[in-house]
Amino acid sequence: MSISTPGGPERRPTVVSTGKKPAAGRPSAADKPSGGKAGAGKGTPRPTVGGKGRKPIAPVKVSQGRSWGPIALFVAVGLLAAGIIGYGAFAAYRGSQPWQERADAIKGVVDFRKKDKALVEGGKHQPGVIKYDVLPPVAGPHNPAWQNCMGDVYDAPIANEHAVHSLEHGTVWITYRPDLPADQVATLKSKVQGKDKLMLSPFDGLDKPISLQAWGFQLKVDNADDSRIDEFIKTLRVNASIEGPNANCAQGITATGTTPRDNLQQPTQ
Amino acid sequence: MTASVTTDSTPDETPVAAKGGRGAARRFGTLALAAAVVVGLLLGYAGGLLTPSVTRPGENSAEAGFARDMSSHHAQAVQLGLMAFQQGEDSEVRQIGGDIATGQQGEIGTMQTWLRLWHLDPTGEQPAMAWMPDGAGLVRDGLMPGMATPAEISKLSGSRGRAFDVLFLQLMIRHHLGGIHMIQGILDEGHDADVLTVAQTMKNTQQTDLTNLQAALKRLGG
């Protein structure tokens with residue numbers, strides 16, 4: 001055991017002086033050009049290095065403490081880890097971005113939940129005719145009965161007092177100006193029919209051809225092919241419900257006409 | 001390998017260098033180990049964070065399509081069931097109607113909760129039934145398999161007595177047959193264990209319902 005340094009073999013692999021069998025005499029330690037220096041090891045303070053070496057092989061020092069392979073590996077793995085964590089954080093942020101923020105990001109959308117907090121509180125039942133400041137209405141008190149919103153397609157205007165109740169249940173109510181071309185009405189109808197929490201009706205006096213309402217949100221567009229219509233529906237249908245996804249859309253008013261039907265108590269009071 | 005050959009070093013120099021090298025090696029080894037542990041922990045943490053988002057059903061998965069479409073399909077069953085509960089003449093028709101309405105509304109809650117847990121909207125980007133092979137072709141006027149048309153709903157709404165009971169039973173039987181077809185779709189296409197379990201329960205329930213609905217229809221001579 002000429003040199004039995006603990007760290008030697010691992011960290012300085014090319015040091016050849018780890019003669020396992022000193023007696024064997026290492027026929028050609030001289031394959032190292034530097035093998036000559038007989039006395040190289042003599043002065044070491046370590047006792048083990050000392051004496052025996054007949055042909056003391058000078059340690060060829062290689063890679064003084066810099067093992068680039070492992071370093072590169074660690075750096076690569078570290079960068080990979082950072083990338084994965086970063087992506088995870090980004091994905092988590094994206095995924096958790098609330099629907100309200102995504103709704104606000106739709107170009108042209110008006111968010112009454114920010115503009116008028118009292119308006120969008122919900123819950124208040126009030127019989128009879130109700131005056132709405134925003135038209136078509138987007139929130140506020142409403143009749144006890146809701147307009148049936150099982151993908152109903154109404155061919156005549158409906159009562160705001162019932163429609164607002166449907167909005168509260170998570171419905172997206174699409175309204176269009178009566179002069180909207182028939183093919184565009186057909187496009188809107190195809191989006192609505194058969195799907196609960198959606199309803200369609202004409203609306204007199206709209207300043208734009210089409211207006212979409214969800215509880216507290218409104219978007220007006222010029223054309224039935226506008227991609228923001230689908231975006232509005234995807235983002236706000238059910239999500240905008242004050243009562244959660246189990247609110248009922250069946251059992252509502254199925255008749256058209258703008259006179260609210262829950263008005264029987266009103267005259268007596 | 002950068003080999004610094006120290007052949008010419010003085011006798012004193014070699015051991016010093018060797019000693020320093022070993023010390024550095026030892027320190028580097030500890031650091032490397034610590035770094036490896038930290039990186040490993042971070043990787044594990046990141047993996048744990050990411051795994052649910054990678055493995056949970058995505059926007060266009062069959063599971064998401066099923067949860068969305070079956071919610072709408074169920075909503076009409078709730079509508080029919082409530083009508084039967086309210087308008088039915090036969091006591092079994094009223095009883096079955098209430099049972100279907102409450103049962104399917106509960107399942108809507110389950111499916112909507114899935115979507116929320118999967119960070120998905122209740123409304124998808126794809127058309128109805130697109131998650132099912134050849135499913136889109138089964139949709140007519142936006143209605144999924146077995147669903148009653150607006151005209152049929154309107155007719156049922158205006159019916160009374162035995163005529164109502166018979167029409168309800170006919171519409172509900174067709175609705176359930178379509179529903180079971182869709183449930184079979186997710187049982188074939190789905191992977192999520194909880195979805196498959198709930199879907200199997202839905203199928204069993206609707207098949208039991210069918211037996212009773214058909215018997216009631218026969219009893220009422222429909």
# chains A, B, ... in the order shown; residues from 1 in each chain; ligands from 1
$ residues_around --residues "stretch 135-138 of chain A" --least-positions-apart "3" --cutoff "8 Å" --atoms "only C-alpha atoms" --output "mmCIF file with C-alpha atoms, in the first residue's frame"
data_model
loop_
_atom_site.group_PDB
_atom_site.id
_atom_site.type_symbol
_atom_site.label_atom_id
_atom_site.label_comp_id
_atom_site.auth_asym_id
_atom_site.auth_seq_id
_atom_site.Cartn_x
_atom_site.Cartn_y
_atom_site.Cartn_z
ATOM 1 C CA PHE A 112 -71.220 45.660 -13.768
ATOM 2 C CA TYR A 132 -84.057 48.737 -15.094
ATOM 3 C CA ASN A 160 -87.143 41.608 -18.307
ATOM 4 C CA VAL A 164 -83.175 38.763 -14.984
ATOM 5 C CA LEU A 167 -79.530 35.426 -15.367
ATOM 6 C CA THR A 175 -80.845 39.311 -27.365
ATOM 7 C CA PHE A 203 -85.205 42.909 -27.906
ATOM 8 C CA LEU A 206 -81.050 47.779 -28.985
ATOM 9 C CA SER A 211 -76.390 42.043 -26.959
ATOM 10 C CA GLN A 213 -76.212 39.271 -20.900
ATOM 11 C CA ALA A 214 -74.994 37.244 -17.942
ATOM 12 C CA TRP A 215 -75.524 38.238 -14.317
ATOM 13 C CA GLY A 216 -73.454 41.422 -14.036
ATOM 14 C CA PHE A 217 -71.921 41.244 -17.518
ATOM 15 C CA GLN A 218 -72.875 42.567 -20.915
#
$ select_by_dssp --residues "stretch 76-255 of chain A" --states "alpha helix (DSSP H)" --output "PyMOL selection string"
chain A and resi 76-96+99-104+112-115+160-168+182-192+227-236
$ residues_around --residues "A:Gln184" --least-positions-apart "2" --cutoff "8 Å" --atoms "only C-alpha atoms" --output "PyMOL selection string"
chain A and resi 180-182+186-188+223-225
$ residues_around --residues "B:Leu217" --least-positions-apart "6" --cutoff "9 Å" --atoms "only C-alpha atoms" --output "list of chain:residue names"
B:Asp165, B:Val166, B:Leu169, B:Gln170
$ atom_distance --atom1 "atom CA of A:Ala118" --atom2 "atom CA of A:Trp173"
21.1 Å
$ residues_around --residues "A:Ile106" --least-positions-apart "2" --cutoff "10 Å" --atoms "only C-alpha atoms" --output "list of chain:residue names"
A:Glu101, A:Arg102, A:Ala103, A:Asp104, A:Gly108, A:Val109, A:Val110, A:Leu219, A:Arg228, A:Ile229, A:Glu231, A:Phe232, A:Thr235
$ write_last_selection --atoms "C-alpha atoms" --output "PDB file, in the first residue's frame"
ATOM      1  CA  GLU A 101     -60.721  37.897 -14.935  1.00  0.00           C
ATOM      2  CA  ARG A 102     -61.150  35.965 -18.134  1.00  0.00           C
ATOM      3  CA  ALA A 103     -64.525  37.628 -18.627  1.00  0.00           C
ATOM      4  CA  ASP A 104     -63.007  41.065 -18.084  1.00  0.00           C
ATOM      5  CA  GLY A 108     -65.824  45.144 -25.162  1.00  0.00           C
ATOM      6  CA  VAL A 109     -67.350  43.389 -22.166  1.00  0.00           C
ATOM      7  CA  VAL A 110     -68.915  45.607 -19.505  1.00  0.00           C
ATOM      8  CA  LEU A 219     -71.321  42.418 -24.351  1.00  0.00           C
ATOM      9  CA  ARG A 228     -66.577  36.804 -28.725  1.00  0.00           C
ATOM     10  CA  ILE A 229     -70.102  35.374 -28.523  1.00  0.00           C
ATOM     11  CA  GLU A 231     -66.119  33.255 -25.590  1.00  0.00           C
ATOM     12  CA  PHE A 232     -68.768  35.066 -23.551  1.00  0.00           C
ATOM     13  CA  THR A 235     -66.720  32.016 -19.749  1.00  0.00           C
TER      14      THR A 235
END
$ residues_around --residues "stretch 138-146 of chain B" --least-positions-apart "6" --cutoff "9 Å" --atoms "only C-alpha atoms" --output "MDAnalysis selection string"
(chainID A and resid 190:195) or (chainID B and resid 69 72:73 127:129 171:179 181:182)
$ atom_distance --atom1 "atom CA of B:Arg94" --atom2 "atom CA of B:Ala148"
18.8 Å
$ closest_residue --among "B:Phe164, B:Arg116, B:Ile100, B:Pro150" --to "B:Thr208" --atoms "only C-alpha atoms"
B:Ile100
$ residues_around --residues "B:Ile108" --least-positions-apart "5" --cutoff "9 Å" --atoms "only C-alpha atoms" --output "mmCIF file with C-alpha atoms, in the first residue's frame"
data_model
loop_
_atom_site.group_PDB
_atom_site.id
_atom_site.type_symbol
_atom_site.label_atom_id
_atom_site.label_comp_id
_atom_site.auth_asym_id
_atom_site.auth_seq_id
_atom_site.Cartn_x
_atom_site.Cartn_y
_atom_site.Cartn_z
ATOM 1 C CA PRO A 245 -74.564 25.164 -11.028
ATOM 2 C CA ASN A 246 -77.651 23.519 -9.522
ATOM 3 C CA ALA B 67 -69.637 15.874 -17.737
ATOM 4 C CA MET B 70 -74.602 14.821 -19.571
ATOM 5 C CA SER B 71 -75.286 17.830 -17.337
ATOM 6 C CA SER B 72 -77.420 19.315 -20.112
ATOM 7 C CA HIS B 74 -79.798 15.475 -17.203
ATOM 8 C CA ALA B 75 -81.217 18.997 -16.986
ATOM 9 C CA GLY B 103 -81.561 11.919 -8.532
ATOM 10 C CA THR B 113 -67.966 19.554 -9.257
#
$ atom_distance --atom1 "atom CA of A:Pro202" --atom2 "atom CA of A:Lys114"
27.3 Å
$ closest_residue --among "B:Thr211, B:Ser61, B:Gln87, B:Gln76" --to "chain A" --atoms "only C-alpha atoms"
B:Gln76
$ closest_residue --among "B:Met111, B:Glu63, B:Glu92, B:Pro57" --to "chain A" --atoms "only C-alpha atoms"
B:Met111
